[in-house]
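Q: Dropping in structure_18.cif, with mmCIF, C-alpha atoms.
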data_work
loop_
_atom_site.label_atom_id
_atom_site.label_comp_id
_atom_site.auth_asym_id
_atom_site.auth_seq_id
_atom_site.Cartn_x
_atom_site.Cartn_y
_atom_site.Cartn_z
CA MET A 26 16.22 43.44 -32.54
CA ARG A 27 12.85 41.69 -32.29
CA PHE A 28 14.42 38.59 -33.77
CA ILE A 29 17.21 38.65 -31.15
CA ILE A 30 14.71 39.13 -28.32
CA SER A 31 12.58 36.29 -29.67
CA VAL A 32 15.58 33.98 -29.86
CA PHE A 33 16.64 34.98 -26.34
CA CYS A 34 13.14 34.26 -24.96
CA CYS A 35 13.09 30.86 -26.64
CA MET A 36 16.49 30.05 -25.18
CA LEU A 37 15.35 31.20 -21.73
CA PHE A 38 12.17 29.11 -21.95
CA SER A 39 14.19 26.09 -23.07
CA TYR A 40 16.64 26.59 -20.20
CA GLU A 41 13.85 26.87 -17.63
CA SER A 42 12.11 23.76 -19.03
CA ASN A 43 15.35 21.79 -18.97
CA SER A 44 16.08 23.02 -15.45
CA GLN A 45 12.64 21.95 -14.23
CA SER A 46 13.06 18.58 -15.93
CA LEU A 47 16.47 18.13 -14.29
CA GLN A 48 15.04 19.02 -10.86
CA ALA A 49 12.24 16.49 -11.36
CA THR A 50 14.75 13.84 -12.39
CA ARG A 51 16.92 14.58 -9.38
CA SER A 52 13.90 14.36 -7.11
CA GLU A 53 13.02 10.93 -8.48
CA GLU A 54 16.64 9.81 -8.18
CA GLN A 55 16.65 10.95 -4.55
CA CYS A 56 13.50 8.93 -3.87
CA VAL A 57 15.05 5.82 -5.39
CA GLU A 58 18.19 6.40 -3.31
CA VAL A 59 16.06 6.61 -0.16
CA LEU A 60 14.38 3.31 -1.01
CA HIS A 61 17.71 1.58 -1.68
CA LYS A 62 19.10 2.95 1.59
CA VAL A 63 16.13 1.57 3.52
CA LEU A 64 16.47 -1.74 1.68
CA ARG A 65 20.17 -1.95 2.66
CA GLU A 66 19.97 -0.76 6.24
CA GLN A 67 16.60 -1.76 7.68
CA LYS A 68 15.27 -5.14 8.72
CA GLU A 69 12.26 -7.38 8.26
CA TRP A 70 8.97 -5.64 7.35
CA VAL A 71 10.44 -2.17 6.80
CA LYS A 72 12.88 -3.80 4.40
CA VAL A 73 10.02 -5.69 2.73
CA HIS A 74 8.14 -2.44 2.14
CA ALA A 75 11.18 -0.77 0.55
CA ALA A 76 11.70 -3.78 -1.71
CA GLU A 77 8.07 -3.73 -2.83
CA PHE A 78 8.14 0.01 -3.44
CA LEU A 79 11.15 -0.40 -5.71
CA LEU A 80 9.40 -3.20 -7.62
CA TRP A 81 6.11 -1.34 -7.92
CA SER A 82 7.75 1.88 -9.12
CA GLY A 83 9.78 0.14 -11.82
CA HIS A 84 13.16 0.28 -10.07
CA SER A 85 13.67 -3.43 -9.50
CA ALA A 86 17.44 -3.59 -9.95
CA GLY A 87 19.05 -5.45 -7.05
CA VAL A 88 15.82 -6.29 -5.23
CA LYS A 89 15.65 -9.96 -6.18
CA GLU A 90 19.31 -10.51 -5.34
CA ALA A 91 18.88 -8.80 -1.97
CA TYR A 92 15.96 -11.04 -1.10
CA GLU A 93 17.61 -14.20 -2.32
CA ALA A 94 20.25 -13.37 0.28
CA GLU A 95 17.54 -12.74 2.88
CA GLU A 96 16.01 -16.12 2.11
CA ARG A 97 19.32 -17.87 2.65
CA LEU A 98 19.75 -16.12 6.01
CA TYR A 99 16.20 -15.95 7.34
CA GLY A 100 14.11 -18.32 5.21
CA THR A 101 13.05 -20.30 8.30
CA GLN A 102 12.32 -17.31 10.53
CA LEU A 103 8.62 -16.94 11.34
CA PRO A 104 6.77 -14.80 10.36
CA TYR A 105 9.39 -12.84 8.41
CA ARG A 106 9.81 -15.71 5.94
CA ILE A 107 6.37 -14.80 4.55
CA GLY A 108 7.65 -11.32 3.75
CA ILE A 109 10.73 -12.77 2.07
CA TRP A 110 8.62 -15.07 -0.11
CA ARG A 111 6.22 -12.22 -0.84
CA VAL A 112 9.01 -10.08 -2.30
CA LEU A 113 10.56 -12.98 -4.22
CA ALA A 114 7.18 -13.94 -5.71
CA GLN A 115 6.79 -10.41 -7.05
CA ALA A 116 10.38 -10.27 -8.29
CA SER A 117 10.10 -13.60 -10.14
CA VAL A 118 8.19 -15.03 -13.08
CA GLY A 119 6.97 -18.43 -14.26
CA GLU A 120 7.89 -21.54 -12.31
CA GLU A 121 10.15 -19.60 -9.98
CA ARG A 122 7.26 -17.33 -8.95
CA ASP A 123 5.04 -20.38 -8.51
CA ARG A 124 7.61 -21.91 -6.17
CA TRP A 125 7.45 -18.95 -3.76
CA ILE A 126 3.67 -18.80 -3.91
CA LYS A 127 3.50 -22.50 -3.11
CA LYS A 128 5.49 -21.84 0.05
CA ILE A 129 3.13 -19.07 1.12
CA LYS A 130 0.12 -21.27 0.47
CA ALA A 131 1.69 -24.09 2.48
CA ALA A 132 2.08 -21.76 5.45
CA PHE A 133 -1.61 -20.82 5.24
CA LEU A 134 -2.73 -24.43 4.77
CA ASN A 135 -0.95 -25.59 7.93
CA PRO A 136 -3.79 -25.39 10.50
CA ASP A 137 -1.26 -25.23 13.33
CA GLY A 138 1.08 -22.80 11.58
CA ALA A 139 2.28 -19.79 13.55
CA ASP A 140 2.31 -17.49 10.53
CA ARG A 141 -1.04 -18.31 8.91
CA LEU A 142 -2.19 -14.72 9.46
CA HIS A 143 0.76 -13.28 7.55
CA ALA A 144 0.33 -15.87 4.81
CA SER A 145 -3.36 -15.04 4.42
CA GLU A 146 -2.66 -11.31 4.22
CA THR A 147 0.11 -11.89 1.69
CA LEU A 148 -2.06 -14.10 -0.51
CA ALA A 149 -4.70 -11.37 -0.57
CA LYS A 150 -2.12 -8.78 -1.58
CA LEU A 151 -0.86 -11.11 -4.31
CA LYS A 152 -4.48 -11.65 -5.45
CA ILE A 153 -4.41 -15.40 -4.84
CA CYS A 154 -7.03 -17.58 -3.17
CA PRO A 155 -5.98 -20.98 -1.73
CA TYR A 156 -9.56 -22.25 -1.46
CA ASP A 157 -9.19 -25.10 -3.98
CA GLU A 158 -6.22 -26.64 -2.15
CA ASN A 159 -8.32 -27.31 0.97
CA PRO A 160 -11.95 -26.04 0.83
CA SER A 161 -12.80 -27.38 4.28
CA LEU A 162 -9.87 -25.61 5.97
CA PHE A 163 -10.61 -22.41 4.08
CA GLU A 164 -14.25 -22.41 5.20
CA THR A 165 -13.21 -23.13 8.77
CA THR A 166 -10.75 -20.23 8.65
CA LEU A 167 -13.47 -17.84 7.51
CA ALA A 168 -15.12 -18.54 10.88
CA SER A 169 -11.88 -18.40 12.86
CA THR A 170 -11.91 -16.92 16.34
CA SER A 171 -8.88 -14.92 15.18
CA LYS A 172 -10.68 -11.98 13.60
CA PRO A 173 -7.67 -10.71 11.62
CA LEU A 174 -7.16 -14.17 10.12
CA ALA A 175 -10.87 -14.46 9.28
CA MET A 176 -10.90 -10.97 7.72
CA TYR A 177 -7.86 -11.55 5.52
CA THR A 178 -9.23 -14.93 4.45
CA LEU A 179 -12.49 -13.25 3.44
CA TRP A 180 -10.39 -10.89 1.32
CA ASP A 181 -8.62 -13.93 -0.18
CA ALA A 182 -12.03 -15.32 -1.18
CA PHE A 183 -12.53 -12.37 -3.53
CA TYR A 184 -9.98 -13.93 -5.89
CA HIS A 185 -11.55 -17.38 -6.01
CA SER A 186 -14.37 -16.66 -8.41
CA ALA A 187 -15.37 -13.61 -10.44
CA ALA A 188 -18.99 -14.52 -9.75
CA LYS A 189 -18.38 -14.01 -6.02
CA GLU A 190 -16.64 -10.62 -6.22
CA SER A 191 -19.75 -8.53 -5.57
CA GLU A 192 -20.78 -10.81 -2.71
CA ILE A 193 -17.39 -10.50 -1.02
CA ARG A 194 -17.41 -6.70 -1.33
CA THR A 195 -20.85 -6.68 0.27
CA LYS A 196 -19.66 -8.91 3.12
CA LEU A 197 -16.61 -6.75 3.77
CA LEU A 198 -18.74 -3.61 3.82
CA ALA A 199 -21.35 -5.21 6.08
CA THR A 200 -18.62 -6.38 8.46
CA LEU A 201 -17.21 -2.90 8.99
CA GLN A 202 -20.67 -1.33 9.08
CA ASN A 203 -21.93 -3.67 11.79
CA ALA A 204 -18.77 -3.89 13.88
CA ALA A 205 -19.04 -3.07 17.56
CA PRO A 206 -17.46 0.28 18.56
CA GLU A 207 -14.59 -1.48 20.32
CA ASP A 208 -13.91 -3.85 17.40
CA ILE A 209 -11.23 -1.90 15.54
CA VAL A 210 -10.05 -4.92 13.52
CA ALA A 211 -13.50 -5.54 12.04
CA ARG A 212 -13.47 -2.01 10.61
CA SER A 213 -9.79 -1.52 9.76
CA ILE A 214 -9.10 -4.67 7.73
CA PRO A 215 -12.30 -4.64 5.63
CA ALA A 216 -11.78 -0.92 4.90
CA TYR A 217 -8.18 -1.62 3.89
CA ALA A 218 -9.32 -4.47 1.63
CA LEU A 219 -12.01 -2.34 0.00
CA ARG A 220 -9.45 0.34 -0.80
CA GLN A 221 -7.47 -2.27 -2.73
CA LEU A 222 -10.50 -3.83 -4.41
CA GLY A 223 -12.46 -0.74 -5.47
CA GLY A 224 -15.55 -1.24 -7.60
CA LEU A 225 -18.12 -0.17 -5.01
CA SER A 226 -21.57 0.83 -6.21
CA VAL A 227 -22.75 4.36 -5.47
CA SER A 228 -24.90 3.18 -2.56
CA GLU A 229 -22.05 1.10 -1.13
CA TRP A 230 -19.67 4.02 -1.46
CA GLN A 231 -22.12 6.30 0.36
CA ILE A 232 -22.29 3.80 3.24
CA LEU A 233 -18.51 3.66 3.44
CA ALA A 234 -18.10 7.45 3.34
CA SER A 235 -20.76 7.90 6.01
CA ARG A 236 -19.08 5.31 8.21
CA ALA A 237 -15.71 7.01 7.76
CA PHE A 238 -17.02 10.40 8.90
CA ALA A 239 -18.82 8.77 11.85
CA GLU A 240 -15.63 7.10 13.13
CA PRO A 241 -14.27 8.82 16.28
CA MET A 242 -11.29 11.10 15.66
CA ASP A 243 -9.02 9.08 17.95
CA SER A 244 -9.94 5.69 16.44
CA PRO A 245 -7.06 3.75 14.81
CA ALA A 246 -9.58 2.60 12.17
CA ARG A 247 -10.45 6.10 10.99
CA THR A 248 -7.54 6.49 8.56
CA ASN A 249 -8.33 3.19 6.84
CA LEU A 250 -12.00 4.14 6.53
CA LEU A 251 -11.22 7.61 5.16
CA SER A 252 -8.60 6.37 2.70
CA SER A 253 -10.90 3.62 1.46
CA ALA A 254 -13.79 6.05 1.00
CA TRP A 255 -11.59 8.63 -0.74
CA ALA A 256 -10.01 6.03 -3.04
CA ASN A 257 -13.50 4.85 -4.04
CA SER A 258 -14.88 8.37 -4.57
CA PHE A 259 -13.25 8.98 -7.94
CA ARG A 260 -16.43 9.21 -9.93
CA GLU A 261 -18.26 12.05 -11.63
CA GLY A 262 -20.45 14.08 -9.32
CA TYR A 263 -18.61 13.38 -6.07
CA ASP A 264 -15.84 15.98 -6.19
CA ALA A 265 -17.04 17.95 -3.15
CA LEU A 266 -17.31 14.94 -0.87
CA GLY A 267 -14.06 13.54 -2.23
CA LYS A 268 -12.29 16.79 -1.31
CA LYS A 269 -13.76 16.62 2.18
CA LEU A 270 -12.55 13.05 2.63
CA LYS A 271 -9.07 13.97 1.41
CA ALA A 272 -8.92 17.02 3.69
CA GLU A 273 -9.63 14.79 6.67
CA LEU A 274 -6.98 12.32 5.54
CA LEU A 275 -4.27 14.95 5.15
CA LYS A 276 -4.60 15.80 8.84
CA TYR A 277 -2.79 12.54 9.60
CA SER A 278 0.51 13.56 7.98
CA GLN A 279 1.89 14.32 11.44
CA SER A 280 0.04 11.66 13.40
CA PRO A 281 1.85 10.13 16.39
CA ARG A 282 0.86 6.72 14.98
CA LYS A 283 3.10 5.32 12.26
CA GLY A 284 0.28 3.30 10.71
CA GLU A 285 -1.79 6.42 10.04
CA ARG A 286 1.06 8.23 8.30
CA PHE A 287 1.85 5.10 6.32
CA GLU A 288 -1.75 4.64 5.16
CA LEU A 289 -1.89 8.28 4.07
CA ALA A 290 1.24 7.85 1.95
CA MET A 291 -0.14 4.66 0.41
CA VAL A 292 -3.43 6.18 -0.72
CA LEU A 293 -1.60 9.24 -2.06
CA ALA A 294 0.63 6.90 -4.05
CA ASP A 295 -2.52 5.54 -5.70
CA LYS A 296 -4.65 8.66 -5.95
CA GLY A 297 -2.58 11.72 -5.06
CA ASN A 298 -1.56 14.56 -7.37
CA LEU A 299 1.16 17.18 -7.74
CA GLU A 300 -0.42 19.31 -5.01
CA ASP A 301 0.47 16.58 -2.50
CA LEU A 302 4.22 16.62 -3.20
CA GLY A 303 4.96 19.28 -0.57
CA LEU A 304 3.38 17.23 2.20
CA LEU A 305 5.10 14.05 0.98
CA ASN A 306 8.48 15.78 0.81
CA ALA A 307 8.04 16.83 4.44
CA MET A 308 7.33 13.19 5.31
CA LEU A 309 10.34 12.12 3.25
CA LYS A 310 12.58 14.47 5.25
CA ALA A 311 11.04 13.35 8.57
CA GLU A 312 10.39 16.96 9.51
CA ASN A 313 8.18 15.74 12.36
CA PRO A 314 9.98 12.54 13.39
CA LEU A 315 8.50 9.65 15.34
CA PRO A 316 10.35 8.21 18.36
CA SER A 317 11.35 5.02 16.49
CA GLU A 318 14.08 5.17 13.84
CA ALA A 319 12.63 2.14 12.05
CA ASP A 320 9.20 3.81 11.93
CA ASN A 321 10.73 6.97 10.47
CA GLU A 322 12.52 4.96 7.80
CA ASP A 323 9.30 3.14 6.94
CA ILE A 324 7.49 6.47 6.50
CA LYS A 325 10.34 7.86 4.42
CA ALA A 326 10.14 4.83 2.14
CA ALA A 327 6.36 5.18 1.79
CA ALA A 328 6.66 8.89 1.02
CA ALA A 329 9.41 8.25 -1.53
CA TYR A 330 7.23 5.67 -3.25
CA ALA A 331 4.22 8.01 -3.30
CA ILE A 332 6.31 10.79 -4.84
CA LEU A 333 7.58 8.44 -7.55
CA LYS A 334 4.08 7.24 -8.42
CA ILE A 335 2.62 10.76 -8.55
CA LYS A 336 5.43 11.97 -10.79
CA GLN A 337 5.01 8.96 -13.06
CA ARG A 338 1.30 9.72 -13.45
CA ASN A 339 1.99 13.35 -14.32
CA ARG A 340 4.74 13.06 -16.90
#
Show the structure stored in the file as structure tokens.
A:
Amino acid sequence: MRFIISVFCCMLFSYESNSQSLQATRSEEQCVEVLHKVLREQKEWVKVHAAEFLLWSGHSAGVKEAYEAEERLYGTQLPYRIGIWRVLAQASVGEERDRWIKKIKAAFLNPDGADRLHASETLAKLKICPYDENPSLFETTLASTSKPLAMYTLWDAFYHSAAKESEIRTKLLATLQNAAPEDIVARSIPAYALRQLGGLSVSEWQILASRAFAEPMDSPARTNLLSSAWANSFREGYDALGKKLKAELLKYSQSPRKGERFELAMVLADKGNLEDLGLLNAMLKAENPLPSEADNEDIKAAAAYAILKIKQRNR
């Protein structure tokens, strides 16, 4: 009898384990389906995000072909062409990748170009610095009256020389720390860049965390500051403050601003854990929808990507 009970318990445990595994697989399949749906049905930057999420999560099938078609249709449309080339650069290798990057650089290096800002941001995200192609123009752009362009170009500079990395981090931190209260851009973009770059010293991290908590609740820069501080807090001895930063971040899951929900999903994709899946599933289902359908689809795609990345980290 004991043998029969033991066998039955083993079978039951095996069934439950297989059932949980199947549910997890279905959940991941559903997330991939959401991303493909957004890729098929949405336009421009929402479509770009879905394409990137598929590439970054290891589900690249069909992405390159979809964006080769986009390039044929919209390859001259500014500034969306930068997004097209951005996806194709990430979906390609070797000389083909170099060809798309060359196009993005050319857009940045055109001093009268209408999409220099998008090109500069894209180069930073691709970890490429165009300094050597035209040092004079690059230096001039760092002092541009267009603050977003100057900020993204400063981020680009991080990838020019390993010897300059610490200096660029310090400049980005100083920029957001010294920004005037009304200068949202000078806090948002440097904070966003520092989340991507990481590597802050303890003292630098403390400055960033302090600045994040000091940011007014209604400031559009607050989410970027909090997410950057939380992403950089993964070090021994900072669990309590890290939890406080994350708790503040999670409040934005139902924000009326799409950008705040999107930033939350992005940092959870990088640093979230299984405890965050409930919140992300609610975002995936658009349980608290925004007025814009495109915005809702963008958030669904971001949530789907975050779920995929968290599950991949916890296999």
Q: Which neighbours of A:Pro245 fall inside 9 Å, counting only C-alpha atoms, when residues of the same chain fewer than 2 positions from it are skipped, and could you give them as a PyMOL selection string?
A: chain A and resi 209+213+241-243+247-249+282+284-285
Q: For the structure shown, which residues end up in the PyMOL selection byres ((chain A and resi 291) around 9)? Put them as a list in words, please?
A: Ser252, Arg286, Phe287, Glu288, Leu289, Ala290, Val292, Leu293, Ala294, Asp295, Lys296, Ala327, Ala328, Tyr330 and Ala331 of chain A
Q: Quick one: residues within 8 Å of stretch 92-101 of chain A, all atoms listed in the file counted, chain neighbours fewer than 4 positions away excluded, as a ChimeraX atom specification?
A: /A:88,105-106,109-110,112-113
Q: Select, from A:Ser253, A:Thr147, A:Gln55, A:Thr170, the residue with the minimum atom-to-atom distance to A:Leu274, counting all atoms listed in the file.
A: A:Ser253
Q: Between A:Leu270, A:Ala144, A:Ile193, A:Ala86, which is the closest to A:Pro104 once you count all atoms listed in the file?
A: A:Ala144
Q: Using only C-alpha atoms, which residues sit within 7 Å of A:Ala114 once same-chain residues fewer than 5 positions away are excluded, as a VMD selection string?
A: chain A and resid 122 125 to 126
Q: Which residue gives the smallest distance to A:Arg338 among A:Leu198, A:Gly267, A:Met308, A:Ser82, with all atoms listed in the file counted?
A: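 Of A:Leu198, A:Gly267, A:Met308, A:Ser82, the one nearest A:Arg338 is A:Ser82, counting all atoms listed in the file.
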Q: Figure out the distance between atom CA of A:Phe183 and atom CA of A:Arg124, please, to one decimal in Å.
A: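 Here the two named atoms are 22.4 Å from each other.
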Q: To one decimal place in Å, what is the distance between atom CA of A:Ser228 and atom CA of A:Cys154?
A: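 Spanning atom CA of A:Ser228 to atom CA of A:Cys154 is a straight-line distance of 27.4 Å.
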Q: Which residues, named as in the file, does the PyMOL selection byres ((chain A and resi 224) around 9) pick out? Answer as a list of chain:residue names.
A: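 When the PyMOL selection byres ((chain A and resi 224) around 9) is applied to the shown file, the picked residues are A:Ser191, A:Arg194, A:Leu219, A:Leu222, A:Gly223, A:Leu225, A:Ser226, A:Asn257.
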Q: Using only C-alpha atoms, find the one residue out of A:Glu121, A:Glu77, A:Glu192, A:Asp137 that sits nearest to A:Ala326.
A: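 Smallest distance to A:Ala326 is found for A:Glu77.
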Q: Using Å and a single decimal, report how far atom CA of A:Thr200 sits from atom CA of A:Ser161.
A: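 Calculated distance between atom CA of A:Ser161 and atom CA of A:Thr200 is 22.2 Å.
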Q: Run the PyMOL selection byres ((chain A and resi 142) around 8) mentally over the shown coordinates, then write out the matched residues as a list in words, using the chain letters and numbers from the document.
A: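 This file gives the following for the PyMOL selection byres ((chain A and resi 142) around 8): Phe133, Ala139, Asp140, Arg141, His143, Ala144, Ser145, Glu146, Pro173, Leu174 and Tyr177 of chain A.
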Q: Those same residues - C-alpha atoms - I'd like them written as an mmCIF file, in the coordinates of the input.
A:
data_model
loop_
_atom_site.group_PDB
_atom_site.id
_atom_site.type_symbol
_atom_site.label_atom_id
_atom_site.label_comp_id
_atom_site.auth_asym_id
_atom_site.auth_seq_id
_atom_site.Cartn_x
_atom_site.Cartn_y
_atom_site.Cartn_z
ATOM 1 C CA PHE A 133 -1.610 -20.820 5.240
ATOM 2 C CA ALA A 139 2.280 -19.790 13.550
ATOM 3 C CA ASP A 140 2.310 -17.490 10.530
ATOM 4 C CA ARG A 141 -1.040 -18.310 8.910
ATOM 5 C CA HIS A 143 0.760 -13.280 7.550
ATOM 6 C CA ALA A 144 0.330 -15.870 4.810
ATOM 7 C CA SER A 145 -3.360 -15.040 4.420
ATOM 8 C CA GLU A 146 -2.660 -11.310 4.220
ATOM 9 C CA PRO A 173 -7.670 -10.710 11.620
ATOM 10 C CA LEU A 174 -7.160 -14.170 10.120
ATOM 11 C CA TYR A 177 -7.860 -11.550 5.520
#
Q: Provide an axis-aligned box for all listed atoms of stretch 227-243 of chain A, padding each side by 4 Å; report its centre and its edge lengths in Å to one decimal, as lines of an AutoDock Vina configuration file.
A:
center_x = -17.0
center_y = 6.1
center_z = 6.2
size_x = 23.9
size_y = 18.0
size_z = 31.4
